[in-house]
Each structure stands twice: as structure tokens, then as C-alpha cells.
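So the structure is just underneath, and the comments pick up after that.
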Amino acid sequence: MTRRLAEVAKKVGVSEATVSRVLNGKPGVSEATRQAVLTALDVLGYERPTQLRGERARLVGLVLPELQNPIFPAFAEVIGGALAQLGLTPVLCTQTKGGVSEADYVELLLQQQVSGVVFAGGLYAQADAPHDHYRLLAERNIPVVLVNAAIEHLGFPGVSCDDAVAVEQAWRHLASLGHERIGLVLGPGDHVPSARKLAAARGISGDLPEEFVARAMFSLEGGHAAASRLIDRGVTGIICASDPLALGAIRAARRKGYDVPGRISVVGYDDSAFMNCTEPPLTTVRQPIEAMGRAAVELLNARIGGTAVPAEELLFEPELVVRGSTAQAPRD
């Protein structure tokens with residue numbers, strides 16, 4: 001008990017006597033200090049006293065599918081900072097292959113009595129994936145906000161970049177450069193943002209050949225394999241569903257002896273860190289990460305405060321960033 005008092009007191013920056021008063025429900029402690037002590041208990045992994053367990057922690061789960069793609073650490077930085085400004089402590093949950101699953105993380109977060117959860121990528125973006133853990137959150141009335149996709153019928157608000165506008169910007173850019181054989185490198189078939197991008201591309205092109213659509217896992221290696229197939233089928237412009245996929249496409253073109261952008265033009269998606277430092281610098285469609293992240297936190301905080309939030313998806317406008325990976329179509 002003495003060790004617990006000391007650790008919590010050090011974490012919060014108050015005396016052990018103050019921590020003791022909070023744990024025993026004694027008066028003479030400000031509400032801000034009281035909440036800070038309770039949050040420190042949660043963060044350090046100590047159980048709350050029985051009389052305090054009915055209150056939710058000032059913790060918010062931040063669930064990410066990975067950290068290798070720079071877009072997810074960028075979202076984590078924005079969302080985590082916005083939560084901290086509101087006195088909420090983000091608990092980062094990152095999935096790893098063969099490690100803790102998204103459902104396991106949800107169970108752990110429920111045990112910690114979190115105030116809410118933000119999912120910035122995850123199984124909700126896959127239509128055919130299991131969604132039972134999301135239903136569990138809905139049944140427990142835990143505030144949840146989804147970033148870049150939505151699950152119907154669960155009542156969760158969402159914040160997304162407009163996939164249709166993103167593809168339209170990239171497609172019109174390549175078409176303006178004279179590209180007529182434009183291909184897409186997308187995620188798996190049940191990936192909702194990829195499905196939205198494909199629908200937009202078909203709407204713009206009017207007649208997009210099926211062989212000009214290649215699917216891959218979201219990695220540089222996946223982009224390399226998918227783009228290699230498209231190049232063999234004669235495309236001169238490639239629109240990718242993420243920046244790592246685009247970097248894989250550039251590598252595929254070079255391995256085949258084709259110059260980028262002299263022979264093959266490539267457009268990414270996200271404008272994640274260092275895309276202006278690649279060779280060539282990557283033309284990509286930028287997600288407004290700052291605005292999206294802050295909007296997600298505002299929605300979550302409103303729900304935590306008891307304000308009704310429409311179960312709608314807010315769509316944010318992307319921005320085409322033209323760099324050196326696109327150029328005039330080759331003249332055969």
C-alpha cells in the first residue's frame with residue numbers, strides 16, 4: 001500500500017497524504033487533483049478502491065492497425081495531443097502480427113473503464129472482418145469514433161478523408177498529363193476506403209478495365225507486386241491507395257528498367273512523413289490529418305460529456321500535392 005501511494009504521488013506530483021485522501025474519499029482535494037490521482041492509478045495498473053470503481057477513468061483508447069506506415073503515428077500525435085489538452089490520457093493500442101488482437105485490446109480497455117475509444121484504422125474498415133468487439137462497445141455505451149471508414153447500424157460517428165475526391169484529383173492530374181492507361185493499386189477487396197476509391201475511379205473513367213485494378217496488402221512489397229502486374233498490362237499511370245504502396249510501385253517500375261516519371265507516373269495517398277524526400281519526390285493526395293484528428297477528439301469528448309452526436313461520417317477534403325513522380329505520358 002505504501003509503495004502504491006508513493007508511486008501515484010510521484011506520478012501526479014502531490015503528497016502521499018493527498019493520494020490517501022482521494023483513495024479514502026476524504027474531503028479537501030480539488031476535483032482536478034482527484035481526477036489526476038485516479039488516472040494515475042489506471043495508468044500504473046493499480047485497481048481503484050471499490051467505492052471508486054463505478055467511475056470511468058479519464059483514459060481513452062487509441063487503437064491503430066500498425067506503426068510502420070507513417071500516417072498512423074501522425075494520427076496518433078494529433079489525436080493524443082488533442083486528448084491531453086482536454087485532460088484525457090491516450091492509451092496507445094497497436095496491433096502486431098501474431099500479437100494482441102483488436103478484440104483483445106477492446107477487452108483490456110473495458111477492464112480499465114476507459115471513457116472512450118478512437119479507432120484510427122482497423123477491422124471496421126474491412127467489411128468481411130469480425131465486428132463483434134465493436135458491438136460490445138456499443139452495448140456498453142462506450143463513446144467511440146472511427147477514422148476513415150464506418151460500420152453501419154452501430155451508431156458510431158466517423159471522420160474520413162473523402163476517397164472519391166482523392167481519386168478524382170489524382171485521376172484528373174494524370175489525365176491532364178496525357179495518360180490514358182491509368183491503373184489502381186488498392187487494398188483487399190473488402191477494404192471499405194479502397195472500395196470507395198474504385199467506385200470513384202469507375203465513375204470518372206466510364207470504362208475502367210478490370211485488369212487495370214490490382215489489389216495488395218498495405219506494404220511496400222505489396223505495392224511492388226501489384227504495380228508490377230499493372231505495368232506488364234500496359235498502364236503508364238498508377239494511382240495507389242497509400243504512400244508505401246506508391247513507393248513499392250516506383251521500385252517495381254525501376255526493377256523493370258522503366259524511368260519514373262519518364263515512362264511510369266505514380267501517385268500516392270496520405271502525404272505521410274518524408275514523401276518529399278524520396279527519389280523522385282512523391283506526388284500524392286494529402287489527408288488533412290490535423291483537422292481530422294481534432295474533429296475526432298471533439299466528437300468523442302462531446303459523447304463523453306453526454307452530448308448526443310449524430311451517427312454520421314464527416315468527410316474532409318484532401319489536397320493533391322504535385323511533386324516529381326508524375327510527368328507527361330510517354331509517346332509510344
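Here's how to read the names in the C-alpha cells: chain A, B, ... by the order shown, residue numbers from 1 in each chain, ligand numbers from 1 in the order shown.
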
Residues within 12 Å of Arg181 in chain A, only C-alpha atoms, excluding chain neighbours under 5 positions, as an MDAnalysis selection string: chainID A and resid 171 174:175 205 207:209 211:213 230:239 264:265 329:330

Surrounding residues of Gln169 in chain A excluding itself and chain neighbours under 2 positions, 8 Å, only C-alpha atoms, as a PDB file with N, CA, C and O atoms, in the first residue's frame:
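Saved to result.pdb:
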ATOM      1  N   VAL A 165     -13.151  12.140 -53.804  1.00  0.00           N
ATOM      2  CA  VAL A 165     -12.460  13.358 -54.226  1.00  0.00           C
ATOM      3  C   VAL A 165     -10.972  13.087 -54.430  1.00  0.00           C
ATOM      4  O   VAL A 165     -10.351  13.599 -55.364  1.00  0.00           O
ATOM      5  N   ALA A 166     -10.392  12.266 -53.560  1.00  0.00           N
ATOM      6  CA  ALA A 166      -8.969  11.946 -53.676  1.00  0.00           C
ATOM      7  C   ALA A 166      -8.652  11.296 -55.016  1.00  0.00           C
ATOM      8  O   ALA A 166      -7.694  11.674 -55.710  1.00  0.00           O
ATOM      9  N   VAL A 167      -9.467  10.308 -55.393  1.00  0.00           N
ATOM     10  CA  VAL A 167      -9.241   9.626 -56.668  1.00  0.00           C
ATOM     11  C   VAL A 167      -9.502  10.567 -57.842  1.00  0.00           C
ATOM     12  O   VAL A 167      -8.767  10.562 -58.835  1.00  0.00           O
ATOM     13  N   TRP A 171      -6.769  11.218 -60.607  1.00  0.00           N
ATOM     14  CA  TRP A 171      -7.104  10.781 -61.973  1.00  0.00           C
ATOM     15  C   TRP A 171      -7.028  11.960 -62.946  1.00  0.00           C
ATOM     16  O   TRP A 171      -6.424  11.847 -64.019  1.00  0.00           O
ATOM     17  N   ARG A 172      -7.633  13.074 -62.563  1.00  0.00           N
ATOM     18  CA  ARG A 172      -7.634  14.237 -63.458  1.00  0.00           C
ATOM     19  C   ARG A 172      -6.222  14.774 -63.661  1.00  0.00           C
ATOM     20  O   ARG A 172      -5.891  15.292 -64.737  1.00  0.00           O
ATOM     21  N   HIS A 173      -5.394  14.667 -62.643  1.00  0.00           N
ATOM     22  CA  HIS A 173      -3.992  15.097 -62.781  1.00  0.00           C
ATOM     23  C   HIS A 173      -3.273  14.245 -63.828  1.00  0.00           C
ATOM     24  O   HIS A 173      -2.621  14.786 -64.740  1.00  0.00           O
ATOM     25  N   VAL A 285      -1.823  12.445 -52.655  1.00  0.00           N
ATOM     26  CA  VAL A 285      -3.025  13.158 -52.203  1.00  0.00           C
ATOM     27  C   VAL A 285      -2.963  13.247 -50.680  1.00  0.00           C
ATOM     28  O   VAL A 285      -2.918  12.224 -50.001  1.00  0.00           O
ATOM     29  N   GLU A 319      -6.081  17.061 -50.550  1.00  0.00           N
ATOM     30  CA  GLU A 319      -5.374  18.035 -51.396  1.00  0.00           C
ATOM     31  C   GLU A 319      -4.302  17.324 -52.217  1.00  0.00           C
ATOM     32  O   GLU A 319      -3.436  16.630 -51.652  1.00  0.00           O
ATOM     33  N   LEU A 320      -4.340  17.480 -53.528  1.00  0.00           N
ATOM     34  CA  LEU A 320      -3.310  16.902 -54.388  1.00  0.00           C
ATOM     35  C   LEU A 320      -2.015  17.689 -54.233  1.00  0.00           C
ATOM     36  O   LEU A 320      -2.004  18.911 -54.357  1.00  0.00           O
TER      37      LEU A 320
END

Under the rule of at most 12 Å, produce a per-residue listing of range 75-178 of chain A near range 28-40 of chain A: chain, number, name, the closest pair of atoms, and the distance in Å, as a tab-separated table, using only C-alpha atoms.
residue	atom	partner	partner_atom	distance
A:Leu86	CA	A:Ala32	CA	11.7
A:Gly87	CA	A:Ala36	CA	8.6
A:Leu88	CA	A:Thr39	CA	8.7
A:Thr89	CA	A:Thr39	CA	7.7
A:Pro90	CA	A:Thr39	CA	10.8
A:Val91	CA	A:Thr39	CA	11.3
A:Gln112	CA	A:Thr39	CA	10.1
A:Gln113	CA	A:Thr39	CA	10.6
A:Val114	CA	A:Thr39	CA	10.0
A:Ser115	CA	A:Thr39	CA	11.0

Please produce an output containing N, CA and C atoms for each residue in the selection, written as a short mmCIF file (atom, residue, chain, number, x, y, z; two decimals), in the first residue's frame.
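Result file again-v1.cif:
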data_model
loop_
_atom_site.label_atom_id
_atom_site.label_comp_id
_atom_site.auth_asym_id
_atom_site.auth_seq_id
_atom_site.Cartn_x
_atom_site.Cartn_y
_atom_site.Cartn_z
N LEU A 86 -7.49 18.14 -23.26
CA LEU A 86 -8.79 18.04 -22.59
C LEU A 86 -8.68 17.30 -21.26
N GLY A 87 -7.46 16.98 -20.85
CA GLY A 87 -7.28 16.25 -19.60
C GLY A 87 -7.54 14.77 -19.71
N LEU A 88 -7.54 14.25 -20.93
CA LEU A 88 -7.73 12.83 -21.17
C LEU A 88 -6.39 12.19 -21.53
N THR A 89 -6.17 10.97 -21.05
CA THR A 89 -4.90 10.29 -21.28
C THR A 89 -5.07 9.21 -22.34
N PRO A 90 -4.36 9.32 -23.49
CA PRO A 90 -4.49 8.29 -24.53
C PRO A 90 -3.74 7.02 -24.14
N VAL A 91 -4.37 5.88 -24.41
CA VAL A 91 -3.74 4.58 -24.22
C VAL A 91 -3.54 3.98 -25.60
N GLN A 112 -10.15 -1.44 -18.03
CA GLN A 112 -9.61 -0.19 -17.48
C GLN A 112 -10.67 0.90 -17.36
N GLN A 113 -11.90 0.57 -17.71
CA GLN A 113 -13.02 1.50 -17.62
C GLN A 113 -12.74 2.82 -18.36
N VAL A 114 -12.28 2.68 -19.60
CA VAL A 114 -11.95 3.87 -20.38
C VAL A 114 -13.18 4.73 -20.65
N SER A 115 -12.93 6.01 -20.84
CA SER A 115 -14.02 6.94 -21.13
C SER A 115 -14.49 6.83 -22.58
#

message: When you count only C-alpha atoms, which of these residues is closest to Leu220 in chain A: A:Pro193, A:Gly268, A:Pro310, A:Gly178?
response: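 For Leu220 in chain A, the nearest of the given residues is A:Gly268.
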
- request: Check the smallest atom-to-atom distance from each of A:Asn24, A:Gln68, A:Glu7, A:Val322 to Val43 in chain A using only C-alpha atoms, then report the winner.
  value: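 Closest residue, counting only C-alpha atoms: A:Glu7.
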
task: Can you work out which one of A:Gln328, A:Ile182, A:His153, A:Val144 has the shortest atom-to-atom distance to Arg263 in chain A, counting only C-alpha atoms?
output: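 Between A:Gln328, A:Ile182, A:His153, A:Val144, the residue approaching Arg263 in chain A most closely is A:Gln328.
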